[in-house]
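**Q** The following file, structure-v3.cif, comprises mmCIF, C-alpha atoms:
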data_input
loop_
_atom_site.label_atom_id
_atom_site.label_comp_id
_atom_site.auth_asym_id
_atom_site.auth_seq_id
_atom_site.Cartn_x
_atom_site.Cartn_y
_atom_site.Cartn_z
CA MET E 150 -25.94 27.00 -18.51
CA LEU E 151 -24.08 23.69 -18.74
CA PHE E 152 -26.20 22.68 -21.72
CA THR E 153 -26.18 25.97 -23.64
CA PRO E 154 -23.93 26.53 -26.65
CA ILE E 155 -20.80 28.65 -26.40
CA ARG E 156 -18.35 30.09 -28.88
CA MET E 157 -14.67 29.39 -28.18
CA GLY E 158 -12.47 31.01 -30.78
CA ALA E 159 -13.42 29.49 -34.12
CA LEU E 160 -15.44 26.69 -32.49
CA THR E 161 -19.10 26.67 -31.49
CA LEU E 162 -19.66 24.07 -28.76
CA PRO E 163 -23.24 22.70 -28.49
CA ASN E 164 -22.85 22.46 -24.71
CA ARG E 165 -20.26 23.34 -22.07
CA VAL E 166 -19.32 19.81 -21.06
CA VAL E 167 -15.73 19.13 -22.13
CA MET E 168 -14.09 15.72 -22.19
CA ALA E 169 -10.68 16.23 -20.57
CA PRO E 170 -7.58 14.58 -22.07
CA LEU E 171 -7.06 11.13 -20.57
CA THR E 172 -3.96 8.99 -21.13
CA ARG E 173 -5.12 5.39 -21.65
CA GLN E 174 -2.08 3.74 -23.29
CA ARG E 175 -3.99 1.89 -25.98
CA ALA E 176 -2.13 2.88 -29.15
CA GLY E 177 -1.31 0.24 -31.72
CA GLU E 178 1.82 -0.48 -33.75
CA ASP E 179 4.17 2.52 -34.14
CA ASP E 180 2.15 4.21 -31.39
CA ALA E 181 -0.57 4.89 -33.95
CA PRO E 182 -4.26 5.14 -33.00
CA THR E 183 -6.50 2.31 -34.16
CA ALA E 184 -10.16 1.62 -34.82
CA LEU E 185 -10.54 0.85 -31.11
CA ASN E 186 -9.48 4.39 -30.23
CA ALA E 187 -11.84 5.75 -32.86
CA LEU E 188 -14.76 3.86 -31.30
CA HIS E 189 -13.86 5.09 -27.83
CA TYR E 190 -13.93 8.74 -28.83
CA ALA E 191 -16.98 8.41 -31.08
CA GLN E 192 -18.93 6.96 -28.14
CA ARG E 193 -18.24 10.24 -26.29
CA ALA E 194 -18.99 12.63 -29.14
CA SER E 195 -21.98 14.22 -27.36
CA ALA E 196 -19.47 16.25 -25.33
CA GLY E 197 -19.44 19.89 -26.29
CA LEU E 198 -15.75 19.39 -27.00
CA ILE E 199 -13.40 16.40 -26.77
CA ILE E 200 -9.75 17.10 -25.97
CA ALA E 201 -8.01 13.93 -27.05
CA GLU E 202 -5.33 12.35 -24.90
CA ALA E 203 -1.83 13.82 -24.72
CA SER E 204 0.05 12.98 -27.90
CA PRO E 205 3.87 13.06 -28.04
CA ILE E 206 5.11 15.59 -30.58
CA ALA E 207 8.32 13.63 -31.23
CA ALA E 208 9.82 10.25 -30.42
CA ARG E 209 11.89 11.87 -27.65
CA GLY E 210 8.74 13.45 -26.19
CA LYS E 211 7.22 10.15 -25.12
CA GLY E 212 6.54 9.64 -21.42
CA TYR E 213 4.65 6.32 -21.27
CA ALA E 214 4.39 3.20 -23.38
CA ASN E 215 1.66 2.88 -26.02
CA THR E 216 0.70 6.54 -26.10
CA PRO E 217 -0.50 7.66 -29.54
CA GLY E 218 1.95 10.09 -31.11
CA CYS E 219 1.59 12.79 -33.74
CA HIS E 220 4.95 12.67 -35.48
CA SER E 221 4.77 9.87 -38.07
CA PRO E 222 2.60 9.20 -41.14
CA ALA E 223 1.13 6.10 -39.49
CA GLN E 224 0.12 8.12 -36.44
CA VAL E 225 -1.50 10.82 -38.58
CA ALA E 226 -3.46 8.15 -40.43
CA GLY E 227 -4.52 6.59 -37.14
CA TRP E 228 -5.71 9.89 -35.75
CA ARG E 229 -7.69 10.43 -38.97
CA LEU E 230 -9.69 7.32 -38.05
CA VAL E 231 -10.50 9.01 -34.74
CA THR E 232 -11.45 12.43 -36.10
CA ASP E 233 -13.57 10.96 -38.88
CA ALA E 234 -15.49 8.84 -36.35
CA VAL E 235 -16.05 11.75 -33.98
CA HIS E 236 -17.16 14.08 -36.76
CA ALA E 237 -19.52 11.43 -38.14
CA ALA E 238 -21.10 11.28 -34.68
CA GLY E 239 -21.51 15.07 -34.63
CA GLY E 240 -18.65 15.92 -32.27
CA LEU E 241 -15.72 18.33 -32.09
CA ILE E 242 -12.24 17.12 -31.15
CA LEU E 243 -8.89 18.76 -30.42
CA LEU E 244 -5.51 17.07 -30.00
CA GLN E 245 -3.40 17.80 -26.93
CA LEU E 246 0.23 18.28 -27.99
CA TRP E 247 2.63 16.92 -25.39
CA HIS E 248 6.31 16.61 -24.63
CA ALA E 249 7.04 14.71 -21.42
CA GLY E 250 10.49 16.23 -21.00
CA ARG E 251 12.27 14.86 -17.93
CA ARG E 252 9.23 12.72 -17.02
CA SER E 253 10.47 9.86 -19.18
CA HIS E 254 13.14 7.19 -19.27
CA PRO E 255 15.75 5.95 -21.78
CA ALA E 256 13.78 2.68 -22.00
CA LEU E 257 11.04 4.64 -23.76
CA LEU E 258 13.41 6.74 -25.86
CA ASP E 259 15.59 4.15 -27.62
CA GLY E 260 18.30 4.76 -25.04
CA ALA E 261 18.35 8.57 -25.28
CA LEU E 262 18.26 10.73 -22.17
CA PRO E 263 15.07 12.64 -21.43
CA ILE E 264 15.37 16.39 -21.91
CA CYS E 265 14.51 19.28 -19.63
CA ALA E 266 15.08 22.99 -19.13
CA SER E 267 17.84 22.07 -16.67
CA ALA E 268 19.67 18.94 -15.52
CA VAL E 269 17.37 18.43 -12.53
CA GLN E 270 16.54 14.81 -11.77
CA PRO E 271 12.90 14.07 -10.93
CA SER E 272 12.26 12.62 -7.49
CA LEU E 273 9.41 10.34 -8.59
CA PRO E 274 9.66 7.10 -10.60
CA VAL E 275 8.33 6.71 -14.13
CA ARG E 276 5.84 3.97 -15.03
CA LEU E 277 7.39 1.50 -17.50
CA PRO E 278 5.95 -1.74 -18.95
CA GLY E 279 8.14 -3.77 -16.58
CA GLY E 280 7.44 -1.65 -13.51
CA ALA E 281 8.28 1.79 -12.17
CA GLU E 282 11.88 3.03 -12.40
CA GLN E 283 13.66 6.18 -11.33
CA PRO E 284 14.41 8.42 -14.33
CA PRO E 285 18.00 9.60 -14.81
CA VAL E 286 19.31 13.15 -14.65
CA PRO E 287 17.91 14.68 -17.85
CA HIS E 288 19.83 16.43 -20.59
CA ALA E 289 19.56 20.21 -20.24
CA LEU E 290 18.64 21.65 -23.62
CA THR E 291 21.23 23.99 -25.12
CA LEU E 292 20.30 27.30 -26.71
CA GLU E 293 20.85 25.67 -30.09
CA GLU E 294 18.56 22.71 -29.27
CA ILE E 295 15.58 24.65 -27.94
CA PRO E 296 14.45 25.87 -31.41
CA LEU E 297 14.54 22.27 -32.62
CA VAL E 298 12.02 21.27 -29.94
CA VAL E 299 9.85 24.27 -30.82
CA GLU E 300 9.98 23.05 -34.42
CA ASP E 301 8.78 19.62 -33.23
CA PHE E 302 5.71 21.34 -31.78
CA ARG E 303 5.14 23.17 -35.07
CA ARG E 304 5.39 19.97 -37.12
CA ALA E 305 3.04 18.18 -34.73
CA ALA E 306 0.55 21.03 -35.13
CA ILE E 307 0.74 20.57 -38.91
CA ASN E 308 0.22 16.82 -38.45
CA ALA E 309 -2.81 17.43 -36.21
CA LYS E 310 -4.34 19.54 -38.97
CA ALA E 311 -3.62 16.82 -41.53
CA ALA E 312 -5.28 14.30 -39.18
CA GLY E 313 -8.52 16.28 -39.26
CA PHE E 314 -8.64 17.76 -35.77
CA ASP E 315 -10.65 20.92 -35.11
CA GLY E 316 -7.75 22.52 -33.23
CA ILE E 317 -5.12 21.76 -30.62
CA GLU E 318 -4.43 22.19 -26.92
CA LEU E 319 -0.89 22.67 -25.63
CA HIS E 320 -0.10 20.56 -22.58
CA GLY E 321 1.42 23.09 -20.19
CA ALA E 322 0.38 21.20 -17.05
CA ASN E 323 1.21 18.23 -14.83
CA GLY E 324 4.98 18.54 -14.69
CA TYR E 325 5.78 18.07 -18.40
CA LEU E 326 8.15 20.04 -20.63
CA ILE E 327 6.32 23.35 -21.03
CA GLU E 328 5.77 23.42 -17.28
CA GLN E 329 9.40 22.39 -16.70
CA PHE E 330 10.46 25.63 -18.39
CA LEU E 331 7.82 27.69 -16.58
CA THR E 332 8.57 26.65 -13.03
CA ASP E 333 11.59 27.28 -10.84
CA LYS E 334 11.54 23.70 -9.56
CA ALA E 335 12.82 22.33 -12.89
CA ASN E 336 14.20 25.47 -14.56
CA HIS E 337 17.52 26.56 -13.03
CA ARG E 338 18.78 28.29 -16.18
CA THR E 339 20.50 31.67 -16.10
CA ASP E 340 20.30 32.45 -19.83
CA ALA E 341 17.50 33.84 -22.01
CA TYR E 342 15.20 30.95 -20.97
CA GLY E 343 15.54 31.18 -17.19
CA GLY E 344 16.43 33.14 -14.11
CA THR E 345 13.42 35.46 -13.99
CA ILE E 346 9.74 34.64 -14.43
CA GLU E 347 9.70 36.58 -17.68
CA LYS E 348 12.57 34.52 -19.08
CA ARG E 349 10.99 31.27 -17.90
CA LEU E 350 7.95 32.17 -20.03
CA ARG E 351 9.98 32.36 -23.21
CA PHE E 352 9.84 28.69 -24.21
CA MET E 353 6.05 28.62 -23.77
CA MET E 354 5.68 31.79 -25.82
CA ASP E 355 7.95 30.41 -28.57
CA VAL E 356 5.81 27.25 -28.76
CA VAL E 357 2.57 29.23 -28.79
CA ALA E 358 3.88 31.40 -31.62
CA ALA E 359 4.89 28.31 -33.60
CA VAL E 360 1.55 26.48 -33.33
CA THR E 361 -0.67 29.54 -33.77
CA ALA E 362 1.20 30.24 -37.01
CA VAL E 363 -0.16 26.86 -38.18
CA TRP E 364 -3.67 26.95 -36.74
CA GLY E 365 -4.46 30.57 -35.95
CA ALA E 366 -4.90 31.54 -32.31
CA GLU E 367 -8.65 30.92 -32.50
CA ARG E 368 -8.09 27.14 -32.70
CA VAL E 369 -5.41 26.84 -30.02
CA GLY E 370 -5.85 26.44 -26.24
CA ILE E 371 -3.41 25.80 -23.41
CA ARG E 372 -3.74 23.84 -20.17
CA PHE E 373 -2.08 24.69 -16.83
CA SER E 374 -2.11 23.16 -13.33
CA PRO E 375 -0.89 26.17 -11.30
CA PHE E 376 -1.13 24.55 -7.88
CA GLY E 377 -0.47 20.95 -8.92
CA TYR E 378 2.36 18.69 -7.88
CA ALA E 379 1.74 15.96 -10.46
CA ASN E 380 4.86 14.31 -11.87
CA ASP E 381 7.14 16.23 -9.52
CA GLY E 382 5.88 19.57 -10.77
CA GLY E 383 5.32 22.74 -8.81
CA ASP E 384 6.67 26.26 -8.39
CA SER E 385 7.72 28.28 -5.36
CA THR E 386 5.49 31.23 -6.33
CA PRO E 387 2.71 29.77 -8.48
CA ALA E 388 0.39 32.78 -8.26
CA GLU E 389 3.11 35.07 -9.59
CA THR E 390 4.46 32.63 -12.20
CA TYR E 391 1.11 31.67 -13.67
CA GLY E 392 -0.24 35.18 -13.33
CA ALA E 393 2.63 36.35 -15.53
CA ALA E 394 2.05 33.50 -18.00
CA ILE E 395 -1.67 34.26 -18.31
CA ARG E 396 -1.05 38.00 -18.70
CA ALA E 397 1.43 37.26 -21.49
CA LEU E 398 -1.01 34.95 -23.28
CA ASP E 399 -4.15 37.05 -22.86
CA PRO E 400 -3.56 39.48 -25.76
CA LEU E 401 -2.96 36.67 -28.24
CA GLY E 402 -6.63 35.71 -28.70
CA LEU E 403 -6.34 32.00 -27.93
CA ALA E 404 -9.50 29.91 -28.10
CA PHE E 405 -9.36 29.12 -24.37
CA LEU E 406 -7.36 28.75 -21.20
CA HIS E 407 -7.81 25.43 -19.39
CA LEU E 408 -7.05 25.35 -15.65
CA ILE E 409 -6.82 22.29 -13.40
CA GLU E 410 -7.91 22.88 -9.82
CA PRO E 411 -6.01 21.20 -6.95
CA ARG E 412 -7.36 17.69 -6.48
CA VAL E 413 -8.49 16.40 -3.11
CA SER E 414 -7.59 12.74 -3.58
CA GLY E 415 -3.98 12.89 -2.44
CA ALA E 416 -1.33 15.26 -1.16
CA THR E 417 0.87 14.73 -4.22
CA ASP E 418 -1.83 15.98 -6.58
CA GLY E 419 -1.79 19.61 -5.49
CA ASP E 420 -1.75 22.22 -2.77
CA LEU E 421 -5.03 21.59 -1.00
CA ASN E 422 -4.74 24.96 0.74
CA ALA E 423 -4.38 26.81 -2.54
CA PRO E 424 -7.10 29.16 -3.76
CA SER E 425 -9.30 28.23 -6.69
CA ALA E 426 -7.15 28.64 -9.77
CA ALA E 427 -10.14 29.75 -11.83
CA ALA E 428 -11.23 32.35 -9.27
CA LEU E 429 -7.69 33.68 -8.86
CA PHE E 430 -6.77 33.95 -12.54
CA ARG E 431 -10.17 34.74 -14.11
CA PRO E 432 -9.62 38.51 -13.72
CA LEU E 433 -6.40 38.22 -15.75
CA TRP E 434 -7.99 36.36 -18.68
CA SER E 435 -10.37 38.06 -21.08
CA GLY E 436 -11.04 34.96 -23.18
CA LYS E 437 -12.90 31.72 -22.56
CA LEU E 438 -11.91 29.63 -19.53
CA ILE E 439 -12.33 25.88 -19.04
CA VAL E 440 -11.95 24.52 -15.52
CA ALA E 441 -11.26 20.92 -14.48
CA GLY E 442 -10.78 18.99 -11.26
CA GLY E 443 -13.35 16.74 -9.62
CA PHE E 444 -16.48 18.58 -10.76
CA ASP E 445 -20.01 17.24 -10.49
CA ARG E 446 -23.25 18.78 -11.84
CA ASP E 447 -23.77 21.16 -8.91
CA ARG E 448 -20.16 22.41 -8.80
CA ALA E 449 -20.17 22.84 -12.57
CA ASP E 450 -23.40 24.85 -12.47
CA ALA E 451 -21.99 27.02 -9.70
CA ALA E 452 -18.76 27.76 -11.58
CA LEU E 453 -20.68 28.79 -14.67
CA ALA E 454 -23.18 30.89 -12.70
CA GLU E 455 -20.40 32.66 -10.81
CA GLY E 456 -18.54 33.39 -14.03
CA THR E 457 -15.32 31.73 -12.86
CA ALA E 458 -15.54 29.39 -15.84
CA ASP E 459 -17.20 29.24 -19.25
CA ALA E 460 -17.07 25.45 -19.60
CA VAL E 461 -16.22 22.49 -17.35
CA ALA E 462 -13.96 19.56 -18.22
CA PHE E 463 -14.68 16.10 -16.84
CA GLY E 464 -11.97 13.45 -16.78
CA ARG E 465 -12.49 10.19 -14.91
CA PRO E 466 -16.31 10.30 -15.21
CA TYR E 467 -15.83 10.10 -18.98
CA ILE E 468 -13.95 6.82 -18.62
CA SER E 469 -17.05 4.93 -17.57
CA ASN E 470 -19.83 7.21 -18.80
CA PRO E 471 -19.73 7.65 -22.59
CA ASP E 472 -23.08 9.44 -22.37
CA LEU E 473 -21.95 11.80 -19.62
CA VAL E 474 -23.79 14.80 -21.07
CA GLU E 475 -27.12 12.97 -20.83
CA ARG E 476 -26.38 11.70 -17.32
CA LEU E 477 -25.58 15.24 -16.20
CA ARG E 478 -28.73 16.55 -17.85
CA LEU E 479 -30.90 13.95 -16.12
CA ARG E 480 -28.90 14.05 -12.88
CA ALA E 481 -28.50 10.31 -13.30
CA ALA E 482 -25.91 8.39 -11.32
CA PHE E 483 -22.47 7.99 -12.84
CA ALA E 484 -21.38 4.44 -13.64
CA PRO E 485 -18.29 3.52 -11.59
CA TYR E 486 -14.97 3.14 -13.37
CA HIS E 487 -12.57 0.23 -12.96
CA ARG E 488 -9.15 1.55 -12.04
CA ALA E 489 -7.37 -1.67 -13.02
CA THR E 490 -8.27 -1.02 -16.69
CA PHE E 491 -7.20 2.64 -16.82
CA TYR E 492 -3.89 2.03 -18.58
CA GLY E 493 -3.18 -0.39 -21.40
CA GLY E 494 -5.19 -3.38 -22.58
CA GLY E 495 -8.00 -3.53 -25.09
CA ALA E 496 -11.74 -2.96 -25.16
CA GLU E 497 -12.30 -3.91 -21.51
CA GLY E 498 -12.68 -0.76 -19.47
CA TYR E 499 -12.38 1.34 -22.64
CA THR E 500 -15.24 0.79 -25.07
CA ASP E 501 -17.45 -1.61 -23.10
CA TYR E 502 -19.05 0.84 -20.64
CA PRO E 503 -22.75 1.03 -21.61
CA ALA E 504 -24.87 4.14 -22.01
CA LEU E 505 -28.08 4.59 -20.03
CA ALA E 506 -30.77 2.10 -20.96
CA GLY E 507 -33.80 3.25 -22.87
#
Using structure tokens, write down the structure from this file.
**A**
Amino acid sequence: MLFTPIRMGALTLPNRVVMAPLTRQRAGEDDAPTALNALHYAQRASAGLIIAEASPIAARGKGYANTPGCHSPAQVAGWRLVTDAVHAAGGLILLQLWHAGRRSHPALLDGALPICASAVQPSLPVRLPGGAEQPPVPHALTLEEIPLVVEDFRRAAINAKAAGFDGIELHGANGYLIEQFLTDKANHRTDAYGGTIEKRLRFMMDVVAAVTAVWGAERVGIRFSPFGYANDGGDSTPAETYGAAIRALDPLGLAFLHLIEPRVSGATDGDLNAPSAAALFRPLWSGKLIVAGGFDRDRADAALAEGTADAVAFGRPYISNPDLVERLRLRAAFAPYHRATFYGGGAEGYTDYPALAG
């Protein structure tokens, strides 16, 4: 089933192998994508669907240096290089819209404080060009400011359309702003945007309404990490919180739900005793479901056969295997990636991984 087509909203994927969004910090001037980024994505266009790396929706949404944004004319033009290259190679590509929220630092924000649902300081440092630093206590958004951030998402959705993407994914995972409103770890509000699970959902639902008004629900997906601890995320009752979020989203007709399973590579990545997110939440979701988190060919086949997922996203294997679909098809070995070249730099470790010979 991994190599059979599937319809997701308005998109028909030629196979069920999805390239997961991967932050690589290789944007050019003004945080605009370049021809190097276009080559990188075009090399991977045999994926059934590419979800491009997280793209800040506004200057204050940035969480790392050299991440390609979607809020300036230069960035839109840069992303058009990417989408044109991917489409010329026969691929489909979405843009992941991202606001880092409190997972940032004034050094990345021209001196401004990061924002959050509440003034709750993260406990983990932020990676900066000069080394990791502890982020400050963030600015808690006021009721008057929240609609302005929602508007940033709407404008970024318009920009993604102008850049030629086939749709968008909202980044609701990994401890960033949408998750910061969803979870009780970062959201201590007692107004219309916090206090109960239903109120904590409101920001997410406002953003979804804003971007689906631009794209239509059939070209919008959303990504969650229900049992993840990345970037100081997490919730005291994740099954209840994300169950409520998925129930609220289900009637809207989104193109897909994208769930990250707890990773096994480190205790800070997720609750290793948690149930499978896909198995737990599949009964609540009537649409298409993408699952991610350390999958290989056999685990991917099993998830599809069991019906717990409709497609499988691969992250790190796509760093070093531009022809991942073919390697999966042939059960060929994956080329190893070089961790030292994950973030920043140029072509090395980005566009120089070869495809299979022959």
**Q** Expanded to explicit residues, what is the PyMOL selection byres ((chain E and resi 222) around 10) for this file, as a ChimeraX atom specification?
**A** /E:179,181,219-221,223-228,308,311-312
**Q** Can you check which parts of segment 290-349 of chain E lie within 9 Å of segment 233-241 of chain E? Per residue, the shortest pair of atoms and distance in Å to one decimal, counting only C-alpha atoms, sorted by chain and number, as CSV.
**A**
residue,atom,partner,partner_atom,distance
E:Ala312,CA,E:Asp233,CA,8.9
E:Gly313,CA,E:Asp233,CA,7.3
E:Phe314,CA,E:Leu241,CA,8.0
E:Asp315,CA,E:Leu241,CA,6.4
**Q** Go ahead and save the residues from that selection, with C-alpha atoms, as a JSON list (two decimals), in the coordinates of the input.
**A**
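Below is the file out.json, written as the result:
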[["chain", "number", "residue", "atom", "x", "y", "z"],
["E", 312, "ALA", "CA", -5.28, 14.30, -39.18],
["E", 313, "GLY", "CA", -8.52, 16.28, -39.26],
["E", 314, "PHE", "CA", -8.64, 17.76, -35.77],
["E", 315, "ASP", "CA", -10.65, 20.92, -35.11]]
**Q** Could you work out how far atom CA of Ser272 of chain E lies from atom CA of Gly344 of chain E, giving the answer in Å with one decimal?
**A** 22.0 Å
**Q** At what distance in Å, to one decimal, does atom CA of His189 of chain E lie from atom CA of Thr500 of chain E?
**A**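 Between these atoms lies a distance of 5.3 Å.
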**Q** Contacts between segment 263-267 of chain E and segment 325-426 of chain E, please, where a residue of segment 325-426 of chain E counts if it comes within 7 Å (with only C-alpha atoms); show its shortest atom pair and distance in Å to one decimal, rows by chain and ascending number, as a Markdown table.
**A**
| residue | atom | partner | partner_atom | distance |
| --- | --- | --- | --- | --- |
| E:Leu326 | CA | E:Cys265 | CA | 6.5 |
| E:Gln329 | CA | E:Ala266 | CA | 6.2 |
| E:Phe330 | CA | E:Ala266 | CA | 5.4 |
| E:Ala335 | CA | E:Ser267 | CA | 6.3 |
| E:Asn336 | CA | E:Ala266 | CA | 5.3 |
| E:His337 | CA | E:Ser267 | CA | 5.8 |
| E:Arg338 | CA | E:Ser267 | CA | 6.3 |
**Q** Give me the residues within 12 Å of Arg431 of chain E as number ranges by chain, counting only C-alpha atoms and dropping any in the same chain fewer than 2 places off.
**A** E: 391-392, 395-396, 399, 405-408, 425-429, 433-440, 452, 455-459
**Q** Since we have the selection now, will you write its residues out, keeping C-alpha atoms, as an mmCIF file, keeping the file's coordinate frame?
**A**
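New file result-v7.cif:
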data_model
loop_
_atom_site.group_PDB
_atom_site.id
_atom_site.type_symbol
_atom_site.label_atom_id
_atom_site.label_comp_id
_atom_site.auth_asym_id
_atom_site.auth_seq_id
_atom_site.Cartn_x
_atom_site.Cartn_y
_atom_site.Cartn_z
ATOM 1 C CA TYR E 391 1.110 31.670 -13.670
ATOM 2 C CA GLY E 392 -0.240 35.180 -13.330
ATOM 3 C CA ILE E 395 -1.670 34.260 -18.310
ATOM 4 C CA ARG E 396 -1.050 38.000 -18.700
ATOM 5 C CA ASP E 399 -4.150 37.050 -22.860
ATOM 6 C CA PHE E 405 -9.360 29.120 -24.370
ATOM 7 C CA LEU E 406 -7.360 28.750 -21.200
ATOM 8 C CA HIS E 407 -7.810 25.430 -19.390
ATOM 9 C CA LEU E 408 -7.050 25.350 -15.650
ATOM 10 C CA SER E 425 -9.300 28.230 -6.690
ATOM 11 C CA ALA E 426 -7.150 28.640 -9.770
ATOM 12 C CA ALA E 427 -10.140 29.750 -11.830
ATOM 13 C CA ALA E 428 -11.230 32.350 -9.270
ATOM 14 C CA LEU E 429 -7.690 33.680 -8.860
ATOM 15 C CA LEU E 433 -6.400 38.220 -15.750
ATOM 16 C CA TRP E 434 -7.990 36.360 -18.680
ATOM 17 C CA SER E 435 -10.370 38.060 -21.080
ATOM 18 C CA GLY E 436 -11.040 34.960 -23.180
ATOM 19 C CA LYS E 437 -12.900 31.720 -22.560
ATOM 20 C CA LEU E 438 -11.910 29.630 -19.530
ATOM 21 C CA ILE E 439 -12.330 25.880 -19.040
ATOM 22 C CA VAL E 440 -11.950 24.520 -15.520
ATOM 23 C CA ALA E 452 -18.760 27.760 -11.580
ATOM 24 C CA GLU E 455 -20.400 32.660 -10.810
ATOM 25 C CA GLY E 456 -18.540 33.390 -14.030
ATOM 26 C CA THR E 457 -15.320 31.730 -12.860
ATOM 27 C CA ALA E 458 -15.540 29.390 -15.840
ATOM 28 C CA ASP E 459 -17.200 29.240 -19.250
#
**Q** Could you tell me which of E:Leu246, E:Ile468, E:Ala208, E:Ala203 comes closest to Glu497 of chain E if we count all atoms listed in the file?
**A**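 Closest to Glu497 of chain E, using all atoms listed in the file: E:Ile468.
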**Q** Can you list what the PyMOL selection byres ((chain E and resi 295-307) around 8) grabs from this structure, as a VMD selection string?
**A** chain E and resid 206 to 207 219 to 220 246 290 to 294 308 to 311 317 352 355 to 356 359 to 360 363 to 364
**Q** Report as a ChimeraX atom specification all protein, DNA and RNA residues lying within 7 Å of Asn164 of chain E, evaluated on only C-alpha atoms, omitting residues in the same chain fewer than 6 positions from it.
**A** /E:151-155,197
**Q** On this file, the PyMOL selection byres ((chain E and resi 173) around 7) gives some set of residues; write that set as a compact mmCIF listing (two decimals) with C-alpha atoms, keeping the file's coordinate frame.
**A**
# COMPACT_ATOMS: atom_id res chain seq x y z
CA LEU E 171 -7.06 11.13 -20.57
CA THR E 172 -3.96 8.99 -21.13
CA GLN E 174 -2.08 3.74 -23.29
CA ARG E 175 -3.99 1.89 -25.98
CA PHE E 491 -7.20 2.64 -16.82
CA TYR E 492 -3.89 2.03 -18.58
CA GLY E 493 -3.18 -0.39 -21.40
**Q** Between atom CA of Ala482 of chain E and atom CA of Phe463 of chain E, what is the distance, to one decimal in Å?
**A** 14.7 Å
**Q** With all atoms listed in the file as the atoms that count, which of E:Tyr213, E:Phe430, E:Tyr342, E:Tyr499 lies nearest to Ala289 of chain E?
**A** E:Tyr342
**Q** Compare E:Ala191, E:Leu160, E:Ala268, E:Ala214 by their minimum atom-to-atom distance to Gly177 of chain E, counting only C-alpha atoms, and give me the closest one.
**A**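 The closest residue to Gly177 of chain E is E:Ala214.
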**Q** Counting only C-alpha atoms, which residue out of E:Lys334, E:Thr183, E:Gly365, E:Phe444 sits closest to Leu477 of chain E?
**A**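 Of the candidates, the smallest distance to Leu477 of chain E is held by E:Phe444.
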**Q** Closest to Ala201 of chain E among E:Leu244, E:Leu473, E:Ala176, E:Ala397, using all atoms listed in the file?
**A** E:Leu244
**Q** With distances taken over all atoms listed in the file, which of E:Gly498, E:Pro182, E:Ala489, E:Ala394 is nearest to Tyr467 of chain E?
**A**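 Of E:Gly498, E:Pro182, E:Ala489, E:Ala394, the one nearest Tyr467 of chain E is E:Gly498, counting all atoms listed in the file.
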**Q** Give me the residues near Arg252 of chain E as a list in words, where near means some atom within 9 Å (using all atoms listed in the file) and where sequence neighbours in that chain fewer than 2 positions away do not count.
**A** Lys211, Gly212, Tyr213, Ala249, Gly250, His254, Pro263, Ile264, Cys265, Pro271, Leu273, Pro274, Val275, Pro284, Pro287, Gly324, Tyr325, Leu326, Asn380 and Asp381 of chain E
